[in-house]
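Engineer: The following file, upload_27.csv, comprises CSV, C-alpha atoms:
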chain,number,residue,atom,x,y,z
A,22,PRO,CA,-13.5,2.1,3.5
A,23,HIS,CA,-11.2,-0.7,2.3
A,24,HIS,CA,-8.0,-1.0,3.0
A,25,PRO,CA,2.7,-1.7,5.5
A,26,PRO,CA,9.5,-3.6,9.0
A,27,PRO,CA,12.9,-5.1,8.4
A,28,PRO,CA,14.8,-3.1,9.7
A,29,PRO,CA,12.5,-1.5,12.4
A,30,GLY,CA,11.0,1.8,11.6
A,31,ASP,CA,11.7,1.8,7.9
A,32,GLY,CA,8.3,3.2,6.9
A,33,LEU,CA,6.1,1.9,4.1
A,34,PRO,CA,4.2,-1.1,5.2
A,35,GLY,CA,6.1,-4.0,3.9
A,36,ALA,CA,9.1,-2.0,2.8
A,37,GLY,CA,12.6,-3.0,3.6
A,38,PRO,CA,15.7,-0.7,3.9
A,39,GLY,CA,15.6,2.8,2.5
A,40,THR,CA,17.6,1.8,-0.5
A,41,PRO,CA,18.4,-1.7,-1.9
A,42,VAL,CA,21.7,-3.2,-0.6
A,43,PRO,CA,23.8,-4.7,-3.3
A,44,ASP,CA,24.9,-8.3,-3.2
A,45,ALA,CA,28.5,-7.6,-4.0
A,46,ALA,CA,30.7,-5.6,-1.6
A,47,ALA,CA,31.1,-2.0,-2.3
A,48,PRO,CA,34.6,-0.3,-2.2
A,49,GLY,CA,35.4,0.4,1.4
A,50,SER,CA,33.0,-2.1,2.9
A,51,GLY,CA,34.1,-4.2,5.9
A,52,ALA,CA,35.2,-7.8,5.6
A,53,THR,CA,35.4,-10.7,8.0
A,54,GLY,CA,37.7,-13.5,7.0
A,55,ASP,CA,36.9,-14.4,3.4
A,56,ARG,CA,33.4,-13.1,3.6
A,57,THR,CA,33.0,-9.5,2.4
A,58,VAL,CA,30.2,-7.5,4.1
A,59,PRO,CA,28.5,-4.8,2.0
A,60,ALA,CA,28.6,-1.3,3.5
A,61,PRO,CA,25.0,-0.1,4.0
A,62,ARG,CA,23.9,2.7,1.6
A,63,PRO,CA,22.4,5.9,3.0
A,64,ARG,CA,18.6,6.3,2.8
A,65,ASP,CA,17.2,7.7,-0.4
A,66,ALA,CA,15.2,10.9,0.5
A,67,TYR,CA,13.2,10.5,-2.7
A,68,PHE,CA,11.7,7.2,-1.7
A,69,ASP,CA,11.0,8.4,1.8
A,70,ASN,CA,9.1,11.3,0.2
A,71,VAL,CA,7.2,8.9,-2.0
A,72,LYS,CA,6.2,6.9,1.1
A,73,PHE,CA,5.1,10.0,2.9
A,74,PHE,CA,2.8,11.3,0.2
A,75,LEU,CA,1.4,7.8,-0.5
A,76,ILE,CA,0.4,7.3,3.1
A,77,MET,CA,-1.2,10.7,3.2
A,78,LEU,CA,-3.3,9.6,0.2
A,79,VAL,CA,-4.3,6.4,2.1
A,80,VAL,CA,-5.5,8.5,5.1
A,81,LEU,CA,-7.4,10.9,2.9
A,82,GLY,CA,-8.9,8.2,0.8
A,83,HIS,CA,-10.5,6.6,3.9
A,84,PHE,CA,-11.9,10.0,5.0
A,85,TRP,CA,-13.2,10.8,1.5
A,86,GLU,CA,-15.1,7.6,1.4
A,87,VAL,CA,-17.7,9.2,3.5
A,88,PHE,CA,-18.3,12.1,1.1
A,89,ARG,CA,-18.0,10.4,-2.3
A,90,LYS,CA,-21.7,9.7,-2.7
A,91,ASP,CA,-22.8,13.3,-1.9
A,92,SER,CA,-20.0,15.4,-3.4
A,93,GLY,CA,-18.9,15.2,-7.0
A,94,ALA,CA,-15.6,16.8,-6.2
A,95,ALA,CA,-14.9,14.4,-3.4
A,96,ASN,CA,-15.9,11.5,-5.6
A,97,ALA,CA,-13.6,12.6,-8.4
A,98,ALA,CA,-10.6,13.0,-6.0
A,99,TYR,CA,-11.5,9.6,-4.4
A,100,THR,CA,-11.7,8.0,-7.9
A,101,VAL,CA,-8.3,9.3,-8.9
A,102,VAL,CA,-6.6,8.3,-5.6
A,103,TYR,CA,-8.0,4.8,-5.7
A,104,ALA,CA,-7.1,4.4,-9.3
A,105,PHE,CA,-3.4,4.3,-8.4
A,106,HIS,CA,-2.5,4.7,-4.7
A,107,MET,CA,-2.8,1.1,-3.5
A,108,PRO,CA,-1.2,-0.4,-6.7
A,109,LEU,CA,1.7,2.0,-6.2
A,110,PHE,CA,1.8,1.2,-2.5
A,111,VAL,CA,2.2,-2.5,-3.6
A,112,PHE,CA,4.8,-1.6,-6.2
A,113,VAL,CA,7.0,0.2,-3.7
A,114,SER,CA,6.6,-2.7,-1.3
A,115,GLY,CA,7.8,-5.0,-4.0
A,116,TYR,CA,10.7,-2.7,-4.8
A,117,PHE,CA,12.0,-2.9,-1.3
A,118,SER,CA,11.3,-6.7,-1.0
A,119,ARG,CA,14.1,-7.7,-3.4
A,120,GLY,CA,16.2,-9.1,-0.6
A,121,PHE,CA,13.6,-11.9,-0.4
A,122,MET,CA,14.7,-13.0,-3.9
A,123,ARG,CA,18.3,-13.4,-2.8
A,124,SER,CA,18.3,-14.6,0.8
A,125,THR,CA,16.1,-17.2,2.5
A,126,ASP,CA,17.2,-15.6,5.8
A,127,LYS,CA,15.1,-12.6,5.0
A,128,PHE,CA,12.0,-14.8,5.6
A,129,ARG,CA,12.9,-14.8,9.3
A,130,GLY,CA,11.6,-11.2,9.5
A,131,ILE,CA,8.1,-12.0,8.2
A,132,PHE,CA,6.8,-13.4,11.5
A,133,PRO,CA,7.9,-10.6,13.9
A,134,THR,CA,7.4,-7.7,11.5
A,135,LEU,CA,4.1,-8.7,9.8
A,136,ILE,CA,2.3,-11.6,11.5
A,137,VAL,CA,2.7,-10.4,15.1
A,138,PRO,CA,1.5,-6.8,14.3
A,139,PHE,CA,-1.3,-8.3,12.3
A,140,ALA,CA,-2.5,-10.3,15.3
A,141,ILE,CA,-2.3,-7.2,17.6
A,142,PHE,CA,-4.0,-4.8,15.3
A,143,ASN,CA,-6.6,-7.2,13.9
A,144,ALA,CA,-7.7,-7.7,17.5
A,145,LEU,CA,-7.8,-4.0,18.1
A,146,TYR,CA,-9.9,-3.4,15.0
A,147,ARG,CA,-12.2,-6.2,15.9
A,148,LEU,CA,-12.7,-4.7,19.4
A,149,LEU,CA,-13.9,-1.5,17.7
A,150,THR,CA,-16.9,-3.3,16.2
A,151,PHE,CA,-18.3,-3.5,19.7
A,152,LEU,CA,-19.2,0.1,19.1
A,153,ASN,CA,-21.7,-1.2,16.5
A,154,VAL,CA,-23.1,-4.5,17.8
A,155,ASP,CA,-24.7,-5.2,14.4
A,156,ASP,CA,-21.3,-5.5,12.8
A,157,PHE,CA,-19.9,-8.0,15.4
A,158,GLN,CA,-19.9,-11.7,14.7
A,159,LEU,CA,-17.8,-14.1,16.6
A,160,LEU,CA,-17.4,-16.3,13.4
A,161,GLY,CA,-15.3,-13.6,11.8
A,162,ALA,CA,-13.1,-12.8,14.7
A,163,PHE,CA,-9.9,-14.0,13.0
A,164,ARG,CA,-10.6,-12.7,9.5
A,165,PRO,CA,-8.6,-9.7,8.4
A,166,GLN,CA,-10.3,-6.6,9.6
A,167,TYR,CA,-10.4,-3.3,7.6
A,168,LEU,CA,-6.7,-2.5,6.7
A,169,MET,CA,-5.3,-5.8,7.8
A,170,TRP,CA,-5.7,-7.4,4.4
A,171,PHE,CA,-2.5,-5.7,3.3
A,172,LEU,CA,-0.3,-7.5,5.9
A,173,VAL,CA,-1.8,-10.8,4.9
A,174,ALA,CA,-1.3,-10.1,1.2
A,175,LEU,CA,2.3,-8.9,1.8
A,176,VAL,CA,3.1,-12.2,3.5
A,177,LEU,CA,1.9,-14.1,0.5
A,178,TRP,CA,3.7,-11.9,-2.0
A,179,ARG,CA,7.0,-12.1,-0.1
A,180,LEU,CA,6.8,-15.8,0.2
A,181,SER,CA,6.4,-15.9,-3.6
A,182,ALA,CA,9.4,-13.6,-4.2
A,183,PRO,CA,12.1,-16.3,-5.0
A,184,LEU,CA,9.9,-17.7,-7.8
A,185,TRP,CA,9.8,-14.5,-10.0
A,186,SER,CA,13.6,-14.3,-10.4
A,187,HIS,CA,13.5,-17.6,-12.3
A,188,LEU,CA,10.9,-16.6,-14.9
A,189,ARG,CA,11.8,-15.0,-18.2
A,190,TYR,CA,8.7,-12.8,-18.2
A,191,PRO,CA,7.7,-12.3,-14.6
A,192,VAL,CA,5.5,-9.3,-14.9
A,193,ALA,CA,3.6,-10.7,-17.9
A,194,THR,CA,3.1,-13.9,-16.0
A,195,ALA,CA,1.8,-12.1,-13.0
A,196,VAL,CA,-0.6,-10.1,-15.2
A,197,ALA,CA,-1.9,-13.3,-16.7
A,198,LEU,CA,-2.4,-14.8,-13.3
A,199,SER,CA,-4.2,-11.7,-12.0
A,200,LEU,CA,-6.6,-11.7,-15.0
A,201,ILE,CA,-7.4,-15.4,-14.7
A,202,ALA,CA,-7.7,-15.3,-10.9
A,203,GLY,CA,-10.5,-12.8,-11.2
A,204,SER,CA,-12.8,-15.7,-12.2
A,205,TRP,CA,-11.8,-18.1,-9.4
A,206,SER,CA,-14.0,-19.0,-6.5
A,207,PHE,CA,-11.7,-17.6,-3.8
A,208,ASN,CA,-12.7,-14.1,-4.9
A,209,SER,CA,-15.5,-14.3,-2.3
A,210,ASP,CA,-12.7,-13.5,0.2
A,211,PRO,CA,-11.7,-9.8,-0.3
A,212,THR,CA,-8.1,-10.4,1.1
A,213,LEU,CA,-7.3,-13.2,-1.4
A,214,CYS,CA,-9.0,-11.3,-4.2
A,215,ARG,CA,-6.8,-8.3,-3.6
A,216,ALA,CA,-3.6,-10.4,-3.2
A,217,ALA,CA,-4.2,-12.0,-6.6
A,218,GLY,CA,-5.4,-8.9,-8.3
A,219,LEU,CA,-2.6,-6.6,-7.2
A,220,LEU,CA,0.1,-9.2,-7.6
A,221,PRO,CA,1.5,-7.7,-10.9
A,222,PHE,CA,2.4,-4.5,-9.1
A,223,PHE,CA,4.4,-6.3,-6.5
A,224,VAL,CA,6.2,-8.3,-9.1
A,225,LEU,CA,6.8,-5.1,-11.2
A,226,GLY,CA,8.4,-3.5,-8.1
A,227,LEU,CA,10.3,-6.7,-7.4
A,228,THR,CA,11.8,-7.0,-10.9
A,229,VAL,CA,11.9,-3.6,-12.6
A,230,GLY,CA,15.4,-2.4,-13.5
A,231,THR,CA,16.8,0.5,-11.7
A,232,GLY,CA,20.2,2.3,-11.8
A,233,ALA,CA,23.2,0.0,-12.3
A,234,GLY,CA,20.9,-3.0,-12.1
A,235,ALA,CA,19.0,-2.1,-15.2
A,236,ALA,CA,19.6,-3.9,-18.4
A,237,GLY,CA,22.7,-2.6,-20.1
A,238,GLY,CA,23.8,-0.6,-17.0
A,239,GLY,CA,21.5,2.4,-17.9
A,240,PRO,CA,19.0,4.1,-15.7
A,241,GLY,CA,15.9,2.2,-14.8
A,242,PRO,CA,12.3,3.4,-15.2
A,243,VAL,CA,12.0,4.9,-11.7
A,244,ASP,CA,15.4,6.7,-12.1
A,245,ALA,CA,14.3,8.1,-15.5
A,246,LEU,CA,11.1,9.5,-13.9
A,247,ARG,CA,12.9,11.4,-11.2
A,248,SER,CA,16.1,12.3,-13.0
A,249,ARG,CA,14.7,14.9,-15.4
A,250,ALA,CA,13.2,18.3,-14.4
A,251,TRP,CA,10.5,18.3,-17.0
A,252,THR,CA,9.0,14.9,-15.7
A,253,ARG,CA,8.0,16.5,-12.4
A,254,TRP,CA,5.8,19.1,-14.2
A,255,ALA,CA,4.5,16.5,-16.6
A,256,GLY,CA,3.6,14.2,-13.8
A,257,ALA,CA,1.8,16.9,-11.8
A,258,SER,CA,-0.1,17.9,-15.0
A,259,VAL,CA,-1.3,14.3,-15.6
A,260,LEU,CA,-2.6,14.1,-12.0
A,261,LEU,CA,-4.4,17.4,-12.2
A,262,ALA,CA,-5.9,16.6,-15.6
A,263,ALA,CA,-7.2,13.3,-14.1
A,264,LEU,CA,-9.4,15.1,-11.7
A,265,PRO,CA,-11.9,16.7,-14.1
A,266,ALA,CA,-11.7,13.6,-16.3
A,267,ALA,CA,-12.8,11.5,-13.3
A,268,TYR,CA,-15.5,14.0,-12.4
A,269,VAL,CA,-17.0,13.7,-15.9
A,270,TRP,CA,-16.5,9.9,-15.9
A,271,GLU,CA,-18.2,9.4,-12.6
A,272,ARG,CA,-21.3,11.4,-13.7
A,273,GLY,CA,-22.0,8.6,-16.2
A,274,THR,CA,-23.3,10.9,-18.9
A,275,VAL,CA,-20.3,10.6,-21.4
A,276,VAL,CA,-19.1,7.1,-20.7
A,277,PRO,CA,-20.5,4.4,-18.4
A,278,LYS,CA,-19.3,4.5,-14.8
A,279,ILE,CA,-16.9,1.8,-13.7
A,280,GLU,CA,-18.0,-0.7,-11.1
A,281,HIS,CA,-16.6,0.4,-7.7
A,282,GLY,CA,-15.0,-3.0,-7.0
A,283,VAL,CA,-12.8,-2.7,-10.1
A,284,ARG,CA,-10.7,0.0,-8.4
A,285,LEU,CA,-10.8,-1.6,-5.0
A,286,TRP,CA,-9.5,-4.9,-6.3
A,287,ASN,CA,-11.6,-6.7,-3.7
A,288,ARG,CA,-14.3,-8.4,-5.8
A,289,GLY,CA,-14.1,-11.1,-8.5
A,290,TYR,CA,-15.8,-10.8,-11.9
A,291,GLU,CA,-18.8,-12.8,-10.9
A,292,GLN,CA,-19.4,-10.7,-7.8
A,293,MET,CA,-19.4,-7.6,-9.9
A,294,GLY,CA,-21.8,-9.0,-12.5
A,295,PHE,CA,-19.2,-9.4,-15.3
A,296,GLY,CA,-18.6,-12.2,-17.7
A,297,LEU,CA,-15.0,-13.5,-18.1
A,298,LEU,CA,-13.9,-11.3,-21.0
A,299,GLU,CA,-15.7,-8.2,-19.7
A,300,GLY,CA,-14.1,-8.7,-16.2
A,301,MET,CA,-10.7,-9.2,-17.7
A,302,SER,CA,-11.0,-6.1,-19.8
A,303,TYR,CA,-12.0,-4.0,-16.8
A,304,ARG,CA,-9.1,-5.4,-14.7
A,305,LEU,CA,-6.6,-4.8,-17.5
A,306,LEU,CA,-7.9,-1.2,-17.9
A,307,ALA,CA,-7.5,-0.7,-14.1
A,308,MET,CA,-3.9,-1.8,-14.4
A,309,VAL,CA,-3.3,0.6,-17.3
A,310,PHE,CA,-4.7,3.5,-15.3
A,311,ALA,CA,-2.7,2.5,-12.2
A,312,VAL,CA,0.6,2.4,-14.2
A,313,VAL,CA,0.0,5.8,-15.9
A,314,LEU,CA,-1.2,7.6,-12.8
A,315,GLY,CA,1.4,5.9,-10.6
A,316,ALA,CA,4.2,6.9,-13.0
A,317,ALA,CA,2.9,10.5,-12.9
A,318,PHE,CA,2.9,10.4,-9.1
A,319,LEU,CA,6.5,9.1,-9.0
A,320,ALA,CA,7.5,11.8,-11.4
A,321,ALA,CA,5.8,14.6,-9.4
A,322,VAL,CA,7.2,13.7,-6.0
A,323,PRO,CA,10.0,16.1,-4.8
A,324,ARG,CA,13.5,14.7,-4.9
A,325,GLY,CA,15.3,16.3,-2.1
A,326,ARG,CA,15.1,16.2,1.7
A,327,ALA,CA,12.3,18.2,3.4
A,328,TRP,CA,10.5,18.4,6.7
A,329,TYR,CA,8.3,15.4,5.8
A,330,THR,CA,11.2,13.1,4.6
A,331,ARG,CA,11.8,11.7,8.0
A,332,LEU,CA,8.1,11.1,8.5
A,333,GLY,CA,8.2,9.0,5.4
A,334,THR,CA,10.2,6.4,7.3
A,335,ARG,CA,7.4,5.9,9.7
A,336,THR,CA,4.4,5.0,7.4
A,337,MET,CA,3.8,1.7,9.2
A,338,TYR,CA,2.7,3.7,12.2
A,339,VAL,CA,0.4,5.9,10.1
A,340,TYR,CA,-1.0,3.0,8.2
A,341,LEU,CA,-2.0,0.9,11.2
A,342,LEU,CA,-3.0,3.7,13.6
A,343,HIS,CA,-5.1,6.0,11.4
A,344,GLY,CA,-7.6,3.2,10.7
A,345,LEU,CA,-8.4,3.0,14.4
A,346,VAL,CA,-9.3,6.7,14.4
A,347,VAL,CA,-11.3,6.4,11.2
A,348,GLN,CA,-13.2,3.4,12.4
A,349,ALA,CA,-13.9,5.0,15.8
A,350,LEU,CA,-15.3,8.1,14.1
A,351,HIS,CA,-17.3,6.0,11.7
A,352,TYR,CA,-18.9,3.8,14.4
A,353,GLY,CA,-19.4,6.8,16.6
A,354,GLY,CA,-21.3,8.6,13.9
A,355,VAL,CA,-19.1,11.6,14.0
A,356,LEU,CA,-18.6,11.9,10.3
A,357,ASP,CA,-22.3,11.7,9.7
A,358,GLY,CA,-22.8,15.2,11.2
A,359,ARG,CA,-24.7,17.7,9.1
A,360,PHE,CA,-21.9,20.3,9.0
A,361,LEU,CA,-19.3,17.7,8.0
A,362,GLN,CA,-21.4,16.7,5.0
A,363,SER,CA,-21.1,20.3,3.6
A,364,PRO,CA,-18.3,21.6,1.4
A,365,ALA,CA,-16.8,23.4,4.4
A,366,GLY,CA,-17.0,20.1,6.3
A,367,LEU,CA,-15.1,18.4,3.5
A,368,VAL,CA,-12.3,20.9,3.6
A,369,LEU,CA,-12.2,20.6,7.4
A,370,VAL,CA,-12.1,16.8,7.3
A,371,THR,CA,-9.4,16.8,4.6
A,372,ALA,CA,-7.2,19.2,6.7
A,373,GLY,CA,-7.9,17.0,9.7
A,374,GLY,CA,-6.9,13.9,7.8
A,375,LEU,CA,-3.6,15.4,6.7
A,376,ALA,CA,-2.9,16.6,10.3
A,377,LEU,CA,-3.7,13.1,11.7
A,378,GLY,CA,-1.3,11.5,9.2
A,379,VAL,CA,1.5,13.9,10.2
A,380,VAL,CA,0.9,13.5,14.0
A,381,LEU,CA,0.9,9.7,13.8
A,382,ALA,CA,4.4,9.8,12.3
A,383,THR,CA,5.9,12.0,15.0
A,384,THR,CA,8.4,10.7,17.5
A,385,PRO,CA,6.1,10.7,20.6
A,386,VAL,CA,3.6,8.5,18.8
A,387,VAL,CA,6.3,6.2,17.6
A,388,ARG,CA,7.7,5.7,21.1
A,389,LEU,CA,4.3,5.2,22.6
A,390,THR,CA,3.2,2.5,20.1
A,391,ARG,CA,6.4,0.8,19.0
A,392,TRP,CA,5.6,-2.2,21.2
A,393,ALA,CA,2.7,-3.0,18.9
A,394,ILE,CA,4.0,-2.0,15.5
A,395,GLU,CA,7.6,-3.1,15.9
A,396,PRO,CA,7.3,-5.7,18.6
A,397,LYS,CA,10.3,-7.4,20.0
A,398,ALA,CA,9.3,-10.8,18.8
A,399,ARG,CA,12.6,-12.2,17.7
A,400,TRP,CA,12.5,-14.6,20.7
A,401,LEU,CA,9.8,-16.5,18.7
A,402,LEU,CA,12.5,-17.5,16.2
A,403,LYS,CA,15.1,-20.2,16.3
A,404,PRO,CA,18.7,-19.0,16.2
A,405,SER,CA,19.8,-18.3,12.6
A,406,GLN,CA,21.6,-21.1,10.9
A,407,VAL,CA,23.4,-18.6,8.6
A,408,ALA,CA,27.1,-18.1,9.6
A,409,THR,CA,27.9,-14.5,10.6
Starting from the file, lay out its structure as structure tokens.
Structural biologist:
Amino acid sequence: PHHPPPPPGDGLPGAGPGTPVPDAAAPGSGATGDRTVPAPRPRDAYFDNVKFFLIMLVVLGHFWEVFRKDSGAANAAYTVVYAFHMPLFVFVSGYFSRGFMRSTDKFRGIFPTLIVPFAIFNALYRLLTFLNVDDFQLLGAFRPQYLMWFLVALVLWRLSAPLWSHLRYPVATAVALSLIAGSWSFNSDPTLCRAAGLLPFFVLGLTVGTGAGAAGGGPGPVDALRSRAWTRWAGASVLLAALPAAYVWERGTVVPKIEHGVRLWNRGYEQMGFGLLEGMSYRLLAMVFAVVLGAAFLAAVPRGRAWYTRLGTRTMYVYLLHGLVVQALHYGGVLDGRFLQSPAGLVLVTAGGLALGVVLATTPVVRLTRWAIEPKARWLLKPSQVAT
């Protein structure tokens, strides 16, 4: 298995408020002196739904990892999910990181909301390796463990956010950097490799036009995907059609199978045995697949409020906690049981994964683990120099 809160409890790892807050004051917003304070917008149920379904895919992907070598169906589902879910995860994180382009004061939140949780959970994941002594090495005690690469990458992406607003073609520039970076020596580190490889999706989310902010004042791409009834059915159809296509592809009898590291974004061209042009071609192809399937997913997600909408505001909890369960089951050999390797076992594990994701987003779990996931670490910061 390989694998994001200003303000607290927002949800998607690395995401900011439920909807972007405009720079200019909206009618009816409060004001202090000559400084107008924008009135906060209500949360957008659609994006909370997106976050909920994405985090469910993350949980399922980590469970399906166990079955993909022995089950063609599980491998097809795993291939489709890994073709787009982390790129889309990164895109949404970029979408809600736009405040970092406008205000340096936003950077104050990086330490208490990303670095402190990283330190806590990286230690917890490291402790789990004691269950398998062969995997424990003191030298790697401070390296990102399991899911923790995302928090490190998000820190790097957010630190770069102000740069992209100054470029004429930010997404094209990020794509070029990603393609070139696949040949650099730092690719021996999976965290840095992913940070460079997935950079274009963060920049796309950071800069893509939406709503009134789109060029010409028209609807942006995300709004267009969710504003028409037919796009929902089209998106669902694309995702369903991708499953048999992945099944045939992974068999390797029609077209060659794709190297596993291409869809994990955690290995450079040399580590995967590619030359420069071949590696660039595969990475670019992976980007195309991620955009197409990611757009289909965004189109298929329900628009209105539902029982899971509120759970979509707590995906940080699901993200960080579910990995502890998966790793404990892995090191304990539970998922290697004979029954669980059968088709019925796959169905049971899938249902269990979904149930786990829902439970980890419930209020009792949030209250019990808030100290670690949303730690009160503001005392580590100097008083803000920005006038209030």
Engineer: Which residue gives the smallest distance to Thr336 (chain A) among A:Ala382, A:Leu361, A:Val173, A:Leu168, with only C-alpha atoms counted?
Structural biologist: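 The closest residue to Thr336 (chain A) is A:Ala382.
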Engineer: Can you work out which one of A:Asp244, A:Glu86, A:Glu280, A:Asp357 has the shortest atom-to-atom distance to Ala316 (chain A), counting all atoms listed in the file?
Structural biologist: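 Using all atoms listed in the file, the shortest distance to Ala316 (chain A) belongs to A:Asp244.
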Engineer: Using only C-alpha atoms, which residues sit within 12 Å of Val229 (chain A) once same-chain residues fewer than 5 positions away are excluded, as a PyMOL selection string?
Structural biologist: chain A and resi 112-113+115-117+119+185-186+190-192+221-224+234-236+240-244
Engineer: Given the choices A:Leu264, A:Leu148, A:Tyr67, A:Gly333, which gets closest to Leu246 (chain A) if the distance is worked out from only C-alpha atoms?
Structural biologist: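 Answer, going by the shortest atom-to-atom distance: A:Tyr67.
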Engineer: At what distance in Å, to one decimal, does CA of Val346 (chain A) lie from CA of Tyr268 (chain A)?
Structural biologist: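 These two atoms are separated by 28.5 Å.
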Engineer: For a cutoff of 12 Å around the file-coordinate point (-13.2, 16.9, -13.7), which residues qualify once you count only C-alpha atoms? I'd like the result as a list in words.
Structural biologist: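 Residues satisfying the cut-off, written out: Gly93, Ala94, Ala95, Asn96, Ala97, Ala98, Tyr99, Thr100, Val101, Leu260, Leu261, Ala262, Ala263, Leu264, Pro265, Ala266, Ala267, Tyr268, Val269, Trp270, Glu271 and Arg272 of chain A.
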Engineer: Find, counting all atoms listed in the file, the residue in A:Phe310, A:Leu220, A:Thr212, A:Asn143 that gets nearest to Val102 (chain A).
Structural biologist: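 Ranked by minimum distance to Val102 (chain A), first place goes to A:Phe310.
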Engineer: How far is it from CA of Ser302 (chain A) to CA of Gly315 (chain A), in Å with one decimal?
Structural biologist: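 Computed distance, CA of Ser302 (chain A) to CA of Gly315 (chain A), equals 19.6 Å.
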Engineer: With all atoms listed in the file as the counted atoms, please give the residues lying no more than 12 Å from Ala372 (chain A), apart from itself and same-chain residues fewer than 4 positions off, as a PyMOL selection string.
Structural biologist: chain A and resi 77+80-81+84-85+365-368+376-379
Engineer: For Gly296 (chain A), work out the shell of residues within 12 Å, counting all atoms listed in the file and skipping chain neighbours fewer than 6 positions away, then give it as a list in words.
Structural biologist: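 Returned residues: Gly203, Ser204, Gly289, Tyr290, Ser302 and Tyr303 of chain A.
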Engineer: Between A:Gly373, A:Gly218, A:Pro165, A:Gly256, which one has atoms that come closest to Arg304 (chain A), using only C-alpha atoms?
Structural biologist: A:Gly218
Engineer: What does the structure give for the distance between CA of Ala398 (chain A) and CA of Leu341 (chain A), in Å to one decimal?
Structural biologist: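 CA of Ala398 (chain A) sits 18.0 Å away from CA of Leu341 (chain A).
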Engineer: Using only C-alpha atoms, which of the listed residues (A:Leu356, A:Val283, A:Met122, A:Val71) sits closest to Met301 (chain A)?
Structural biologist: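 Answer, going by the shortest atom-to-atom distance: A:Val283.
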Engineer: Hey, what's within 7 Å of Lys72 (chain A) if we count only C-alpha atoms and toss same-chain stuff fewer than 3 positions away? As a list in words, please?
Structural biologist: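 Selected residues are Leu33, Phe68, Asp69, Leu75, Ile76, Gly333 and Thr336 of chain A.
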Engineer: Can you write just those residues out, C-alpha atoms, as a short mmCIF file (atom, residue, chain, number, x, y, z; two decimals), in the frame of the given file?
Structural biologist:
data_model
loop_
_atom_site.label_atom_id
_atom_site.label_comp_id
_atom_site.auth_asym_id
_atom_site.auth_seq_id
_atom_site.Cartn_x
_atom_site.Cartn_y
_atom_site.Cartn_z
CA LEU A 33 6.10 1.90 4.10
CA PHE A 68 11.70 7.20 -1.70
CA ASP A 69 11.00 8.40 1.80
CA LEU A 75 1.40 7.80 -0.50
CA ILE A 76 0.40 7.30 3.10
CA GLY A 333 8.20 9.00 5.40
CA THR A 336 4.40 5.00 7.40
#
Engineer: Name the residues within 9 Å of (-7.3, -6.0, 11.0), counting only C-alpha atoms in the file's coordinates, and put them as a CSV table (one decimal) with C-alpha atoms, in the frame of the given file.
Structural biologist:
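Here's the written file result28.csv:
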chain,number,residue,atom,x,y,z
A,139,PHE,CA,-1.3,-8.3,12.3
A,140,ALA,CA,-2.5,-10.3,15.3
A,141,ILE,CA,-2.3,-7.2,17.6
A,142,PHE,CA,-4.0,-4.8,15.3
A,143,ASN,CA,-6.6,-7.2,13.9
A,144,ALA,CA,-7.7,-7.7,17.5
A,145,LEU,CA,-7.8,-4.0,18.1
A,146,TYR,CA,-9.9,-3.4,15.0
A,147,ARG,CA,-12.2,-6.2,15.9
A,163,PHE,CA,-9.9,-14.0,13.0
A,164,ARG,CA,-10.6,-12.7,9.5
A,165,PRO,CA,-8.6,-9.7,8.4
A,166,GLN,CA,-10.3,-6.6,9.6
A,167,TYR,CA,-10.4,-3.3,7.6
A,168,LEU,CA,-6.7,-2.5,6.7
A,169,MET,CA,-5.3,-5.8,7.8
A,170,TRP,CA,-5.7,-7.4,4.4
A,172,LEU,CA,-0.3,-7.5,5.9
A,341,LEU,CA,-2.0,0.9,11.2
Engineer: Tell me, as a PyMOL selection string, which residues lie within 7 Å of Leu381 (chain A), counting all atoms listed in the file; anything in the same chain fewer than 4 positions away does not count.
Structural biologist: chain A and resi 338-339+377+386
Engineer: Take the residues from that selection and put them in a file with C-alpha atoms, as a PDB file, in the frame of the given file.
Structural biologist:
ATOM      1  CA  TYR A 338       2.700   3.700  12.200  1.00  0.00           C
ATOM      2  CA  VAL A 339       0.400   5.900  10.100  1.00  0.00           C
ATOM      3  CA  LEU A 377      -3.700  13.100  11.700  1.00  0.00           C
ATOM      4  CA  VAL A 386       3.600   8.500  18.800  1.00  0.00           C
TER       5      VAL A 386
END
